[in-house]
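> Enclosed is the structure file coords.pdb (PDB, C-alpha atoms and all ligand atoms).
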```pdb
MODEL        1
ATOM      1  CA  MET A  18     -34.387-335.424-145.697  1.00  0.00           C
ATOM      2  CA  ALA A  19     -35.298-335.792-142.050  1.00  0.00           C
ATOM      3  CA  ASP A  20     -32.347-336.439-139.752  1.00  0.00           C
ATOM      4  CA  ARG A  21     -34.167-339.116-137.795  1.00  0.00           C
ATOM      5  CA  HIS A  22     -36.370-341.964-138.961  1.00  0.00           C
ATOM      6  CA  HIS A  23     -38.734-344.348-137.254  1.00  0.00           C
ATOM      7  CA  ILE A  24     -37.972-347.892-138.380  1.00  0.00           C
ATOM      8  CA  THR A  25     -39.205-351.390-137.619  1.00  0.00           C
ATOM      9  CA  VAL A  26     -37.042-354.475-138.083  1.00  0.00           C
ATOM     10  CA  THR A  27     -37.236-358.104-137.033  1.00  0.00           C
ATOM     11  CA  VAL A  28     -33.953-359.577-135.788  1.00  0.00           C
ATOM     12  CA  ASN A  29     -33.713-363.317-135.196  1.00  0.00           C
ATOM     13  CA  GLY A  30     -37.506-363.403-134.914  1.00  0.00           C
ATOM     14  CA  THR A  31     -37.820-360.529-132.443  1.00  0.00           C
ATOM     15  CA  PRO A  32     -39.532-357.340-133.669  1.00  0.00           C
ATOM     16  CA  TYR A  33     -38.001-353.950-132.822  1.00  0.00           C
ATOM     17  CA  GLU A  34     -39.015-350.346-133.352  1.00  0.00           C
ATOM     18  CA  ALA A  35     -36.463-347.562-133.151  1.00  0.00           C
ATOM     19  CA  THR A  36     -35.804-343.994-134.124  1.00  0.00           C
ATOM     20  CA  VAL A  37     -32.450-343.731-135.855  1.00  0.00           C
ATOM     21  CA  GLU A  38     -30.288-341.052-137.393  1.00  0.00           C
ATOM     22  CA  SER A  39     -29.928-341.134-141.164  1.00  0.00           C
ATOM     23  CA  ARG A  40     -26.192-341.763-140.887  1.00  0.00           C
ATOM     24  CA  LEU A  41     -26.398-344.719-138.452  1.00  0.00           C
ATOM     25  CA  LEU A  42     -24.884-347.820-140.024  1.00  0.00           C
ATOM     26  CA  LEU A  43     -26.840-351.056-139.842  1.00  0.00           C
ATOM     27  CA  ALA A  44     -23.836-352.769-138.207  1.00  0.00           C
ATOM     28  CA  ASP A  45     -23.710-350.163-135.432  1.00  0.00           C
ATOM     29  CA  PHE A  46     -27.476-350.284-134.986  1.00  0.00           C
ATOM     30  CA  LEU A  47     -27.429-354.064-134.508  1.00  0.00           C
ATOM     31  CA  ARG A  48     -24.410-354.048-132.172  1.00  0.00           C
ATOM     32  CA  ASP A  49     -24.747-350.880-130.158  1.00  0.00           C
ATOM     33  CA  HIS A  50     -28.495-350.280-130.121  1.00  0.00           C
ATOM     34  CA  LEU A  51     -29.893-353.829-130.108  1.00  0.00           C
ATOM     35  CA  GLY A  52     -26.975-355.695-128.494  1.00  0.00           C
ATOM     36  CA  TYR A  53     -26.255-358.223-131.262  1.00  0.00           C
ATOM     37  CA  VAL A  54     -22.515-358.121-130.629  1.00  0.00           C
ATOM     38  CA  GLY A  55     -21.938-361.104-132.905  1.00  0.00           C
ATOM     39  CA  VAL A  56     -21.997-358.492-135.675  1.00  0.00           C
ATOM     40  CA  HIS A  57     -18.294-357.696-135.808  1.00  0.00           C
ATOM     41  CA  VAL A  58     -17.059-354.460-137.303  1.00  0.00           C
ATOM     42  CA  GLY A  59     -13.622-354.702-138.876  1.00  0.00           C
ATOM     43  CA  CYS A  60     -12.827-352.717-141.982  1.00  0.00           C
ATOM     44  CA  GLU A  61     -16.103-350.746-142.284  1.00  0.00           C
ATOM     45  CA  HIS A  62     -15.465-350.684-146.012  1.00  0.00           C
ATOM     46  CA  GLY A  63     -17.156-353.850-147.195  1.00  0.00           C
ATOM     47  CA  VAL A  64     -13.877-355.744-147.546  1.00  0.00           C
ATOM     48  CA  CYS A  65     -13.533-358.162-144.623  1.00  0.00           C
ATOM     49  CA  GLY A  66     -17.022-359.669-144.223  1.00  0.00           C
ATOM     50  CA  ALA A  67     -16.916-359.652-140.412  1.00  0.00           C
ATOM     51  CA  CYS A  68     -20.165-357.655-140.299  1.00  0.00           C
ATOM     52  CA  THR A  69     -22.108-360.116-142.487  1.00  0.00           C
ATOM     53  CA  VAL A  70     -25.797-360.597-141.641  1.00  0.00           C
ATOM     54  CA  PHE A  71     -28.796-361.969-143.494  1.00  0.00           C
ATOM     55  CA  LEU A  72     -31.182-359.315-144.749  1.00  0.00           C
ATOM     56  CA  ASP A  73     -34.437-360.694-146.147  1.00  0.00           C
ATOM     57  CA  GLY A  74     -32.807-364.042-146.856  1.00  0.00           C
ATOM     58  CA  GLN A  75     -29.416-363.165-148.260  1.00  0.00           C
ATOM     59  CA  THR A  76     -26.121-362.094-146.807  1.00  0.00           C
ATOM     60  CA  VAL A  77     -25.133-358.453-146.860  1.00  0.00           C
ATOM     61  CA  ARG A  78     -22.309-356.361-145.411  1.00  0.00           C
ATOM     62  CA  SER A  79     -24.049-354.491-142.623  1.00  0.00           C
ATOM     63  CA  CYS A  80     -21.288-351.855-142.622  1.00  0.00           C
ATOM     64  CA  LEU A  81     -22.334-350.834-146.120  1.00  0.00           C
ATOM     65  CA  LEU A  82     -25.988-350.214-145.281  1.00  0.00           C
ATOM     66  CA  PHE A  83     -27.689-347.623-143.161  1.00  0.00           C
ATOM     67  CA  ALA A  84     -30.082-348.818-140.502  1.00  0.00           C
ATOM     68  CA  VAL A  85     -32.879-346.911-142.199  1.00  0.00           C
ATOM     69  CA  GLN A  86     -32.404-349.057-145.311  1.00  0.00           C
ATOM     70  CA  ALA A  87     -33.385-352.122-143.246  1.00  0.00           C
ATOM     71  CA  ASP A  88     -36.780-350.649-142.368  1.00  0.00           C
ATOM     72  CA  GLY A  89     -39.384-353.405-142.640  1.00  0.00           C
ATOM     73  CA  CYS A  90     -36.782-356.143-143.164  1.00  0.00           C
ATOM     74  CA  GLN A  91     -36.107-359.519-141.578  1.00  0.00           C
ATOM     75  CA  ILE A  92     -32.555-359.781-140.279  1.00  0.00           C
ATOM     76  CA  MET A  93     -30.635-362.769-138.989  1.00  0.00           C
ATOM     77  CA  THR A  94     -27.365-362.379-137.120  1.00  0.00           C
ATOM     78  CA  VAL A  95     -25.055-365.163-135.964  1.00  0.00           C
ATOM     79  CA  GLU A  96     -27.020-365.223-132.704  1.00  0.00           C
ATOM     80  CA  GLY A  97     -29.949-366.573-134.734  1.00  0.00           C
ATOM     81  CA  LEU A  98     -28.142-369.739-135.821  1.00  0.00           C
ATOM     82  CA  ALA A  99     -28.496-371.667-132.547  1.00  0.00           C
ATOM     83  CA  ARG A 100     -31.900-373.140-131.680  1.00  0.00           C
ATOM     84  CA  ASP A 101     -33.136-373.703-128.104  1.00  0.00           C
ATOM     85  CA  SER A 102     -29.582-373.430-126.751  1.00  0.00           C
ATOM     86  CA  ASN A 103     -28.360-376.035-129.266  1.00  0.00           C
ATOM     87  CA  LEU A 104     -25.555-374.926-131.518  1.00  0.00           C
ATOM     88  CA  HIS A 105     -26.181-375.158-135.258  1.00  0.00           C
ATOM     89  CA  PRO A 106     -24.228-378.024-136.915  1.00  0.00           C
ATOM     90  CA  LEU A 107     -22.009-375.410-138.538  1.00  0.00           C
ATOM     91  CA  GLN A 108     -21.155-373.974-135.129  1.00  0.00           C
ATOM     92  CA  GLU A 109     -20.491-377.459-133.771  1.00  0.00           C
ATOM     93  CA  ALA A 110     -18.238-378.249-136.715  1.00  0.00           C
ATOM     94  CA  PHE A 111     -16.279-374.998-136.312  1.00  0.00           C
ATOM     95  CA  ARG A 112     -15.702-375.897-132.681  1.00  0.00           C
ATOM     96  CA  GLU A 113     -14.744-379.511-133.347  1.00  0.00           C
ATOM     97  CA  LYS A 114     -12.440-378.724-136.255  1.00  0.00           C
ATOM     98  CA  GLN A 115     -10.814-375.865-134.362  1.00  0.00           C
ATOM     99  CA  ALA A 116     -11.823-373.446-137.092  1.00  0.00           C
ATOM    100  CA  ILE A 117     -11.876-370.595-134.585  1.00  0.00           C
ATOM    101  CA  GLN A 118      -8.724-368.794-133.564  1.00  0.00           C
ATOM    102  CA  CYS A 119      -9.354-365.214-132.415  1.00  0.00           C
ATOM    103  CA  GLY A 120     -12.953-365.598-133.582  1.00  0.00           C
ATOM    104  CA  PHE A 121     -13.226-362.182-135.180  1.00  0.00           C
ATOM    105  CA  CYS A 122     -14.137-363.495-138.620  1.00  0.00           C
ATOM    106  CA  THR A 123     -16.252-366.354-137.275  1.00  0.00           C
ATOM    107  CA  PRO A 124     -19.758-364.824-137.321  1.00  0.00           C
ATOM    108  CA  GLY A 125     -19.341-363.699-140.913  1.00  0.00           C
ATOM    109  CA  MET A 126     -17.837-367.042-141.923  1.00  0.00           C
ATOM    110  CA  LEU A 127     -20.678-368.948-140.288  1.00  0.00           C
ATOM    111  CA  LEU A 128     -23.387-366.907-141.978  1.00  0.00           C
ATOM    112  CA  ARG A 129     -21.703-367.098-145.371  1.00  0.00           C
ATOM    113  CA  ALA A 130     -21.322-370.857-144.902  1.00  0.00           C
ATOM    114  CA  TYR A 131     -24.970-371.120-143.872  1.00  0.00           C
ATOM    115  CA  GLU A 132     -25.983-369.343-147.071  1.00  0.00           C
ATOM    116  CA  LEU A 133     -23.725-371.591-149.144  1.00  0.00           C
ATOM    117  CA  LEU A 134     -25.253-374.768-147.703  1.00  0.00           C
ATOM    118  CA  GLN A 135     -28.753-373.433-148.366  1.00  0.00           C
ATOM    119  CA  GLN A 136     -27.838-372.896-152.013  1.00  0.00           C
ATOM    120  CA  ASN A 137     -25.537-375.897-152.423  1.00  0.00           C
ATOM    121  CA  PRO A 138     -25.903-378.617-149.766  1.00  0.00           C
ATOM    122  CA  HIS A 139     -22.998-380.668-151.172  1.00  0.00           C
ATOM    123  CA  PRO A 140     -20.229-378.204-152.006  1.00  0.00           C
ATOM    124  CA  THR A 141     -16.792-379.304-153.083  1.00  0.00           C
ATOM    125  CA  ARG A 142     -13.754-377.920-151.278  1.00  0.00           C
ATOM    126  CA  ASP A 143     -13.171-375.519-154.167  1.00  0.00           C
ATOM    127  CA  GLU A 144     -16.779-374.335-153.992  1.00  0.00           C
ATOM    128  CA  ILE A 145     -16.412-373.743-150.254  1.00  0.00           C
ATOM    129  CA  ARG A 146     -13.206-371.813-150.809  1.00  0.00           C
ATOM    130  CA  GLU A 147     -14.866-369.712-153.486  1.00  0.00           C
ATOM    131  CA  ALA A 148     -17.910-369.058-151.280  1.00  0.00           C
ATOM    132  CA  ILE A 149     -15.858-367.726-148.371  1.00  0.00           C
ATOM    133  CA  ALA A 150     -13.363-365.873-150.529  1.00  0.00           C
ATOM    134  CA  GLY A 151     -14.972-362.567-149.630  1.00  0.00           C
ATOM    135  CA  ASN A 152     -14.584-363.164-145.886  1.00  0.00           C
ATOM    136  CA  LEU A 153     -11.127-362.449-144.550  1.00  0.00           C
ATOM    137  CA  CYS A 154      -9.587-364.387-141.670  1.00  0.00           C
ATOM    138  CA  ARG A 155      -6.742-362.422-140.182  1.00  0.00           C
ATOM    139  CA  CYS A 156      -5.578-365.563-138.363  1.00  0.00           C
ATOM    140  CA  THR A 157      -5.443-367.282-141.776  1.00  0.00           C
ATOM    141  CA  GLY A 158      -7.244-370.368-140.491  1.00  0.00           C
ATOM    142  CA  TYR A 159      -8.835-371.107-143.842  1.00  0.00           C
ATOM    143  CA  GLN A 160      -7.894-374.768-143.973  1.00  0.00           C
ATOM    144  CA  PHE A 161      -9.805-375.614-140.795  1.00  0.00           C
ATOM    145  CA  ILE A 162     -12.718-373.383-141.771  1.00  0.00           C
ATOM    146  CA  VAL A 163     -13.088-375.257-145.067  1.00  0.00           C
ATOM    147  CA  GLU A 164     -12.904-378.586-143.240  1.00  0.00           C
ATOM    148  CA  ALA A 165     -15.547-377.445-140.769  1.00  0.00           C
ATOM    149  CA  ILE A 166     -17.953-376.358-143.497  1.00  0.00           C
ATOM    150  CA  GLN A 167     -17.463-379.661-145.307  1.00  0.00           C
ATOM    151  CA  ALA A 168     -18.069-381.613-142.084  1.00  0.00           C
ATOM    152  CA  ALA A 169     -21.238-379.622-141.376  1.00  0.00           C
ATOM    153  CA  ALA A 170     -22.489-380.250-144.925  1.00  0.00           C
ATOM    154  CA  GLU A 171     -22.006-383.993-144.453  1.00  0.00           C
ATOM    155  CA  ARG A 172     -23.765-383.901-141.078  1.00  0.00           C
ATOM    156  CA  LEU A 173     -26.693-381.888-142.417  1.00  0.00           C
ATOM    157  CA  ALA A 174     -27.008-384.235-145.408  1.00  0.00           C
ATOM    158  CA  VAL A 175     -27.372-387.177-143.018  1.00  0.00           C
ATOM    159  CA  THR A 176     -29.875-385.477-140.699  1.00  0.00           C
ATOM    160  CA  SER A 177     -32.083-384.280-143.568  1.00  0.00           C
ATOM    161  CA  ARG A 178     -32.409-387.759-145.085  1.00  0.00           C
TER     162      ARG A 178
HETATM  163  S1  LIG B 201     -16.745-354.490-141.358  1.00  0.00           S
HETATM  164 FE1  LIG B 201     -18.126-354.751-142.959  1.00  0.00          FE
HETATM  165  S2  LIG B 201     -17.024-355.773-144.503  1.00  0.00           S
HETATM  166 FE2  LIG B 201     -15.535-355.337-142.971  1.00  0.00          FE
HETATM  167  S1  LIG B 202     -10.132-366.620-136.516  1.00  0.00           S
HETATM  168 FE1  LIG B 202      -9.112-364.709-136.222  1.00  0.00          FE
HETATM  169  S2  LIG B 202      -9.765-363.555-137.928  1.00  0.00           S
HETATM  170 FE2  LIG B 202     -10.430-365.526-138.375  1.00  0.00          FE
ENDMDL
END
```
Rewrite the structure of this file - the entire thing - as structure tokens.

Amino acid sequence: MADRHHITVTVNGTPYEATVESRLLLADFLRDHLGYVGVHVGCEHGVCGACTVFLDGQTVRSCLLFAVQADGCQIMTVEGLARDSNLHPLQEAFREKQAIQCGFCTPGMLLRAYELLQQNPHPTRDEIREAIAGNLCRCTGYQFIVEAIQAAAERLAVTSR
């Protein structure tokens, strides 16, 4: 197999071309090569969820994929949530409910929550807890994170009426 590969990806609507080594992780490619530093790298073993991004419409652990595997894909990072300098309702709710402590888990939590609300716009607290169970918060701020996701769901339900 060739050591280097030419790939094309679209991140948050912006197309990129790059030549990458076979071993380059998608998380490192997004952070270090493209500057999407909202992709946090914690465990690098698929455990913590800090590196979560959307790949062709569903969340993945970007530390468990190589950049070359994203060739031709659409990616969304946490930087893609805000629109025209306006925070997404989930981001607003995290801020208002003080669901951010050190913030390390926050990008992954936000993207997992975004996926949950796409699939289930009216989740119960238990469903929210289950949905974020794979994302670890080292500050253990789960209570406020759950409240923030519930508040955002209620706000989005009102605005989409
Ligand atoms: S850094 Fe990818 S799951 Fe922890
Ligand atoms: S806010 Fe610190 S890890 Fe979650």
> Provide the atom CA of A:Leu41 to atom CA of A:Ala84 distance in Å, to one decimal place.
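Interatomic distance here is 5.9 Å.
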> Produce as a VMD selection string the set of residues near ligand LIG 201 (chain B), where near means within 10 Å with only C-alpha atoms and all ligand atoms considered.
chain A and resid 43 to 44 56 to 70 77 to 82 122 125 151 to 153
> Give the residues close to ligand LIG 202 (chain B), within 8 Å, counting all atoms listed in the file; write them as an MDAnalysis selection string.
chainID A and resid 116:123 153:159
> Which residue out of A:Thr176, A:Thr27, A:Glu38, A:Arg129 has the minimum interatomic distance to A:Pro106 when only C-alpha atoms are used?
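Closest candidate: A:Thr176.
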> For A:Leu98, which of A:Leu128, A:Arg40, A:Ala169, A:Asp20 is the closest residue, counting all atoms listed in the file?
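So, comparing all the options, the nearest one is A:Leu128.
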> Do you have the atom CA of A:Asn103-atom CA of A:Val26 distance handy?
24.9 Å
> Expanded to explicit residues, what is the PyMOL selection byres (((chain A and resi 32-37) around 12) and not hetatm) for this file, as an NGL selection string?
:A and (19-31 or 38-43 or 45-47 or 49-52 or 83-93)
> Quick one: pull the distance between atom CA of A:Glu96 and atom CA of A:Gly74, Å, one decimal.
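Distance reported for this atom pair: 15.3 Å.
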> Starting from the shown file, work through the PyMOL selection byres (((chain A and resi 164) around 12) and not hetatm) and note down what comes out as a PyMOL selection string.
chain A and resi 107+110-117+130+140-143+145-146+158-163+165-171
> For each of A:Ala174, A:Leu72, A:Val95, A:Leu133, take the minimum atom-to-atom distance to A:Gly55, counting all atoms listed in the file, then give the residue where this is smallest.
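Distance minimum relative to A:Gly55 lands on A:Val95.
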> Draw an axis-aligned box over all listed atoms of stretch 161-164 of chain A, pad each side with 6 Å, and write its centre and edge lengths in Å, one decimal, as lines of an AutoDock Vina configuration file.

```
center_x = -11.4
center_y = -376.0
center_z = -142.9
size_x = 15.3
size_y = 17.2
size_z = 16.3
```
> Given only C-alpha atoms as the basis, pick out the residue of A:Met126, A:Pro138, A:Val54, A:Thr94 nearest to A:Ala150.
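Among the listed residues, A:Met126 lies closest to A:Ala150.
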